[in-house]
Structures are given as structure tokens and as C-alpha cells.
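Asker: model-v8.cif is the file, holding mmCIF, C-alpha atoms, pLDDT in the B column; chains and numbers go by the auth columns:
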```cif
data_run
#
loop_
_atom_site.group_PDB
_atom_site.id
_atom_site.type_symbol
_atom_site.label_atom_id
_atom_site.label_comp_id
_atom_site.label_asym_id
_atom_site.label_seq_id
_atom_site.Cartn_x
_atom_site.Cartn_y
_atom_site.Cartn_z
_atom_site.B_iso_or_equiv
_atom_site.auth_seq_id
_atom_site.auth_asym_id
ATOM 1 C CA MET A 1 137.742 104.318 110.219 80.00 1 A
ATOM 2 C CA LEU A 2 136.173 101.132 108.823 83.00 2 A
ATOM 3 C CA LYS A 3 133.882 100.968 111.849 85.00 3 A
ATOM 4 C CA GLN A 4 132.674 104.515 111.110 82.00 4 A
ATOM 5 C CA LYS A 5 131.973 103.644 107.467 85.00 5 A
ATOM 6 C CA ILE A 6 129.994 100.559 108.482 89.00 6 A
ATOM 7 C CA LYS A 7 127.997 102.688 110.935 87.00 7 A
ATOM 8 C CA TYR A 8 127.099 105.174 108.199 88.00 8 A
ATOM 9 C CA LEU A 9 126.191 102.355 105.808 92.00 9 A
ATOM 10 C CA LYS A 10 123.778 101.054 108.448 94.00 10 A
ATOM 11 C CA PHE A 11 122.238 104.527 108.719 94.00 11 A
ATOM 12 C CA LEU A 12 121.968 104.716 104.933 94.00 12 A
ATOM 13 C CA PHE A 13 120.269 101.307 104.863 97.00 13 A
ATOM 14 C CA LEU A 14 117.833 102.391 107.594 97.00 14 A
ATOM 15 C CA PHE A 15 117.093 105.595 105.687 96.00 15 A
ATOM 16 C CA PHE A 16 116.302 103.776 102.431 97.00 16 A
ATOM 17 C CA LEU A 17 114.313 101.111 104.284 98.00 17 A
ATOM 18 C CA LEU A 18 112.103 103.710 105.986 98.00 18 A
ATOM 19 C CA VAL A 19 111.558 105.706 102.791 97.00 19 A
ATOM 20 C CA GLY A 20 110.867 102.504 100.864 97.00 20 A
ATOM 21 C CA ILE A 21 108.276 101.332 103.382 97.00 21 A
ATOM 22 C CA ASP A 22 106.435 104.644 103.241 97.00 22 A
ATOM 23 C CA GLN A 23 106.515 104.851 99.450 96.00 23 A
ATOM 24 C CA ALA A 24 105.411 101.215 99.065 96.00 24 A
ATOM 25 C CA PHE A 25 102.405 101.812 101.320 96.00 25 A
ATOM 26 C CA LYS A 26 101.455 104.982 99.429 95.00 26 A
ATOM 27 C CA ILE A 27 101.656 103.210 96.063 94.00 27 A
ATOM 28 C CA TYR A 28 99.652 100.268 97.403 95.00 28 A
ATOM 29 C CA VAL A 29 96.969 102.546 98.862 94.00 29 A
ATOM 30 C CA VAL A 30 96.588 104.540 95.638 92.00 30 A
ATOM 31 C CA HIS A 31 96.282 101.404 93.489 92.00 31 A
ATOM 32 C CA SER A 32 93.878 99.530 95.777 92.00 32 A
ATOM 33 C CA ASN A 33 90.429 100.111 97.223 86.00 33 A
ATOM 34 C CA PHE A 34 91.961 101.471 100.414 88.00 34 A
ATOM 35 C CA ALA A 35 90.451 104.786 101.568 88.00 35 A
ATOM 36 C CA TYR A 36 92.863 107.698 101.364 89.00 36 A
ATOM 37 C CA GLN A 37 92.968 111.452 101.210 87.00 37 A
ATOM 38 C CA PHE A 38 95.115 113.341 98.728 85.00 38 A
ATOM 39 C CA ASN A 39 96.777 116.311 100.417 82.00 39 A
ATOM 40 C CA ARG A 40 98.196 119.094 98.262 79.00 40 A
ATOM 41 C CA LEU A 41 98.836 121.399 101.208 69.00 41 A
ATOM 42 C CA TYR A 42 102.334 121.521 102.635 57.00 42 A
ATOM 43 C CA ILE A 43 103.187 122.286 106.216 58.00 43 A
ATOM 44 C CA LEU A 44 101.195 120.037 108.558 53.00 44 A
ATOM 45 C CA GLY A 45 98.421 119.983 105.997 54.00 45 A
ATOM 46 C CA LEU A 46 97.589 123.572 106.849 54.00 46 A
ATOM 47 C CA VAL A 47 99.642 125.846 104.607 59.00 47 A
ATOM 48 C CA GLY A 48 99.672 125.973 100.840 64.00 48 A
ATOM 49 C CA ILE A 49 102.886 127.468 99.461 69.00 49 A
ATOM 50 C CA ASN A 50 104.665 127.660 96.138 69.00 50 A
ATOM 51 C CA ASN A 51 106.406 124.425 95.018 73.00 51 A
ATOM 52 C CA TYR A 52 109.727 126.228 94.583 80.00 52 A
ATOM 53 C CA LEU A 53 109.562 127.772 98.036 80.00 53 A
ATOM 54 C CA TYR A 54 108.677 124.370 99.502 79.00 54 A
ATOM 55 C CA SER A 55 111.660 122.780 97.735 83.00 55 A
ATOM 56 C CA LEU A 56 113.966 125.515 98.989 88.00 56 A
ATOM 57 C CA LEU A 57 112.715 125.093 102.569 86.00 57 A
ATOM 58 C CA VAL A 58 113.181 121.308 102.375 88.00 58 A
ATOM 59 C CA PHE A 59 116.754 121.614 101.120 91.00 59 A
ATOM 60 C CA ILE A 60 117.668 124.231 103.733 94.00 60 A
ATOM 61 C CA PHE A 61 116.185 122.015 106.453 90.00 61 A
ATOM 62 C CA LEU A 62 118.047 118.975 105.104 91.00 62 A
ATOM 63 C CA PHE A 63 121.329 120.865 105.016 93.00 63 A
ATOM 64 C CA PHE A 64 121.113 121.957 108.644 93.00 64 A
ATOM 65 C CA LEU A 65 119.815 118.584 109.811 91.00 65 A
ATOM 66 C CA SER A 66 122.648 116.811 107.951 89.00 66 A
ATOM 67 C CA VAL A 67 125.256 119.046 109.602 92.00 67 A
ATOM 68 C CA GLU A 68 123.715 118.343 113.011 91.00 68 A
ATOM 69 C CA PHE A 69 123.588 114.633 112.174 91.00 69 A
ATOM 70 C CA LEU A 70 127.344 114.511 111.601 89.00 70 A
ATOM 71 C CA ARG A 71 128.058 116.224 114.933 92.00 71 A
ATOM 72 C CA SER A 72 125.675 114.139 117.030 91.00 72 A
ATOM 73 C CA SER A 73 125.829 111.001 119.138 91.00 73 A
ATOM 74 C CA THR A 74 124.683 107.697 117.655 91.00 74 A
ATOM 75 C CA ILE A 75 121.301 107.778 119.390 92.00 75 A
ATOM 76 C CA LYS A 76 120.566 111.262 118.037 93.00 76 A
ATOM 77 C CA GLN A 77 121.705 110.146 114.591 94.00 77 A
ATOM 78 C CA VAL A 78 119.074 107.394 114.609 95.00 78 A
ATOM 79 C CA VAL A 79 116.457 109.983 115.560 95.00 79 A
ATOM 80 C CA TYR A 80 117.648 112.277 112.755 95.00 80 A
ATOM 81 C CA ILE A 81 117.392 109.375 110.287 96.00 81 A
ATOM 82 C CA PHE A 82 113.695 109.037 111.171 97.00 82 A
ATOM 83 C CA ILE A 83 113.120 112.762 110.629 95.00 83 A
ATOM 84 C CA LEU A 84 115.152 112.830 107.405 95.00 84 A
ATOM 85 C CA SER A 85 113.319 109.753 106.095 96.00 85 A
ATOM 86 C CA GLY A 86 109.957 111.378 106.738 95.00 86 A
ATOM 87 C CA VAL A 87 110.899 114.677 105.119 93.00 87 A
ATOM 88 C CA ILE A 88 112.461 113.071 102.040 94.00 88 A
ATOM 89 C CA SER A 89 109.592 110.615 101.647 95.00 89 A
ATOM 90 C CA GLN A 90 107.062 113.455 101.766 92.00 90 A
ATOM 91 C CA TYR A 91 109.121 115.362 99.190 91.00 91 A
ATOM 92 C CA ILE A 92 109.246 112.312 96.902 93.00 92 A
ATOM 93 C CA SER A 93 105.465 111.942 97.203 92.00 93 A
ATOM 94 C CA ARG A 94 104.907 115.556 96.263 86.00 94 A
ATOM 95 C CA VAL A 95 107.083 115.155 93.175 85.00 95 A
ATOM 96 C CA TYR A 96 105.689 111.730 92.163 86.00 96 A
ATOM 97 C CA PHE A 97 102.006 112.088 93.080 84.00 97 A
ATOM 98 C CA GLY A 98 101.708 115.889 93.065 84.00 98 A
ATOM 99 C CA GLY A 99 100.743 115.753 96.735 85.00 99 A
ATOM 100 C CA VAL A 100 100.836 113.457 99.731 89.00 100 A
ATOM 101 C CA VAL A 101 98.691 110.350 100.127 91.00 101 A
ATOM 102 C CA ASP A 102 97.291 110.256 103.674 91.00 102 A
ATOM 103 C CA PHE A 103 95.576 107.050 104.783 91.00 103 A
ATOM 104 C CA ILE A 104 95.939 106.584 108.560 90.00 104 A
ATOM 105 C CA ASN A 105 92.941 107.979 110.442 89.00 105 A
ATOM 106 C CA VAL A 106 93.988 109.234 113.879 89.00 106 A
ATOM 107 C CA PHE A 107 90.973 109.258 116.223 91.00 107 A
ATOM 108 C CA ASN A 108 88.834 110.958 113.551 87.00 108 A
ATOM 109 C CA ILE A 109 90.894 114.107 114.139 85.00 109 A
ATOM 110 C CA THR A 110 93.311 113.969 111.225 82.00 110 A
ATOM 111 C CA ILE A 111 94.529 111.668 108.474 85.00 111 A
ATOM 112 C CA ILE A 112 98.269 111.073 108.181 88.00 112 A
ATOM 113 C CA ASN A 113 100.729 108.702 106.531 93.00 113 A
ATOM 114 C CA ILE A 114 103.766 106.714 107.630 96.00 114 A
ATOM 115 C CA ALA A 115 106.225 109.526 106.808 95.00 115 A
ATOM 116 C CA ASP A 116 104.289 111.790 109.170 92.00 116 A
ATOM 117 C CA LEU A 117 104.747 109.140 111.850 95.00 117 A
ATOM 118 C CA TYR A 118 108.504 109.089 111.209 96.00 118 A
ATOM 119 C CA ILE A 119 108.696 112.853 111.695 94.00 119 A
ATOM 120 C CA VAL A 120 106.516 112.861 114.816 94.00 120 A
ATOM 121 C CA ILE A 121 108.341 109.909 116.389 95.00 121 A
ATOM 122 C CA GLY A 122 111.698 111.503 115.589 95.00 122 A
ATOM 123 C CA ALA A 123 110.640 114.867 116.986 94.00 123 A
ATOM 124 C CA LEU A 124 109.292 113.304 120.192 95.00 124 A
ATOM 125 C CA PHE A 125 112.473 111.300 120.762 94.00 125 A
ATOM 126 C CA LEU A 126 114.613 114.347 119.979 92.00 126 A
ATOM 127 C CA PHE A 127 112.612 116.420 122.436 92.00 127 A
ATOM 128 C CA THR A 128 113.021 113.684 125.062 92.00 128 A
ATOM 129 C CA LEU A 129 116.775 113.517 124.448 88.00 129 A
ATOM 130 C CA LEU A 130 117.113 117.282 124.686 85.00 130 A
ATOM 131 C CA LEU A 131 115.216 117.288 127.976 88.00 131 A
ATOM 132 C CA SER A 132 117.391 114.517 129.412 85.00 132 A
ATOM 133 C CA LYS A 133 120.604 116.386 128.387 74.00 133 A
ATOM 134 C CA LYS A 134 122.481 113.071 128.366 64.00 134 A
ATOM 135 C CA TYR A 135 122.991 112.994 124.629 57.00 135 A
#
```
Could I get this file's structure written as C-alpha cells?
Answerer:
Amino acid sequence: MLKQKIKYLKFLFLFFLLVGIDQAFKIYVVHSNFAYQFNRLYILGLVGINNYLYSLLVFIFLFFLSVEFLRSSTIKQVVYIFILSGVISQYISRVYFGGVVDFINVFNITIINIADLYIVIGALFLFTLLLSKKY
């Protein structure tokens, strides 16, 4: 029982660390001469939806991801922490800044931020784990 609690505390620490890193970079970028793009669109920078609908979608996603997190193996839980950190960090940015601060130029194709990387990395690892069927 104590071992389980320590494991979840480690996940909680990782979650707050990842969100903190992303938020710190966004605040630094906004208050410096660093080039950035302010993105008010929502889903993959393509779709503009109502703030209330976005909030509802985020909370529904978080509920189902949290349920899956509790039923998963440790390796999947780490992957879910990356995805959760990215989603929550993006949500915090939308509330705090009114949009998302994007500052990482990817091959002159798109501009993203660290939270986007968390989501993409998590999704790729999750896809890999699902293909391997070991976890």
C-alpha cells in the first residue's frame, strides 16, 4: 500500500514538473525578445471552438484518461502523465494568456510549444505500446 502511494506521488511530481517546465518557458518567451506566435485556435491549431465547449471536451478527455491511467501498467501510466501534462498545460495557457504561446519552429512547417511535444511524445509511445501488445 505504501509502495503504491509512493509510486503515485512520483507520478504527481512528474506531472507538476512537466507542467511547470512548459509554463516557465511560455512565461519566459512572452516576457523576453524571443520570437513566438500567439495561437487562439484550439485543436491542433486548426479549429476555433467556443471556450465552454473546449473546457467540456478537456474535462471529458481528462476523466477517461484518468480512468485508463488507474487501470494501466506503470509504463503506460508514465505515457499518460506526458499526455495529461500537455493537455493541462495547454488548458492553463488558454486560461492565463487567452491562448497558447507557440515558439518552437519545426522545419518551417509549424510552430509548437513544449506541451505539444509532451502530447506528441506520449501519443507516439502509446501507439508503440499498443502495437507491441506487451503492455
Asker: Neighbouring residues of range 59-76 of chain A were defined as those with any atom within 12 Å, considering all atoms listed in the file; residues of the same chain fewer than 6 positions away were excluded. Please report them as a list in words.
Answerer: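 Residues meeting the cut-off are Gln4, Lys7, Tyr8, Lys10, Phe11, Tyr52, Leu53, Phe82, Ile83, Leu84, Ser85, Gly86, Val87, Ile88, Tyr91, Gly122, Ala123, Leu124, Phe125, Leu126, Phe127, Thr128, Leu129, Leu130, Lys133, Lys134 and Tyr135 of chain A.
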Asker: To one decimal in Å, tell me the separation between CA of Arg40 in chain A and CA of Tyr96 in chain A.
Answerer: 12.1 Å
Asker: From the options A:Phe103, A:Lys5, A:Phe16, A:Ile81, which residue's atoms come nearest to Val30 in chain A, counting all atoms listed in the file?
Answerer: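 Under the stated criterion, the closest residue is A:Phe103.
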Asker: Give the answer as one residue: which of A:Leu131, A:Ile27, A:Val120, A:Val58 has the shortest atom-to-atom distance to Asp102 in chain A, using all atoms listed in the file?
Answerer: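 Smallest separation from Asp102 in chain A among the options: A:Ile27.
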Asker: Please determine, counting all atoms listed in the file, which residue among A:Gln37, A:Val79, A:Val95, A:Gln90 has the shortest atom-to-atom distance to Asp22 in chain A.
Answerer: A:Gln90
Asker: Under the rule that all atoms listed in the file are counted, which of A:Asn39, A:Ser89, A:Ser55, A:Gln77 is the nearest residue to Ile112 in chain A?
Answerer: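 Closest to Ile112 in chain A, using all atoms listed in the file: A:Asn39.
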Asker: Smallest atom-to-atom distance to Gly99 in chain A: which of A:Asn113, A:Asn33, A:Phe38, A:Val78, using all atoms listed in the file?
Answerer: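 Looking at the shortest contact to Gly99 in chain A, the residue is A:Phe38.
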Asker: Tell me which of A:Tyr54, A:Leu9, A:Ile119, A:Val101 sits closest to His31 in chain A, counting all atoms listed in the file.
Answerer: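 Among the listed residues, A:Val101 lies closest to His31 in chain A.
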Asker: For a test of reading the model, state the distance in Å between CA of Asn108 in chain A and CA of Ser32 in chain A, rounded to one decimal.
Answerer: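 These two atoms are separated by 21.7 Å.
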Asker: Report, in Å with one decimal, the straight-line distance from CA of Gln23 in chain A to CA of Ala35 in chain A.
Answerer: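 Computed distance, CA of Gln23 in chain A to CA of Ala35 in chain A, equals 16.2 Å.
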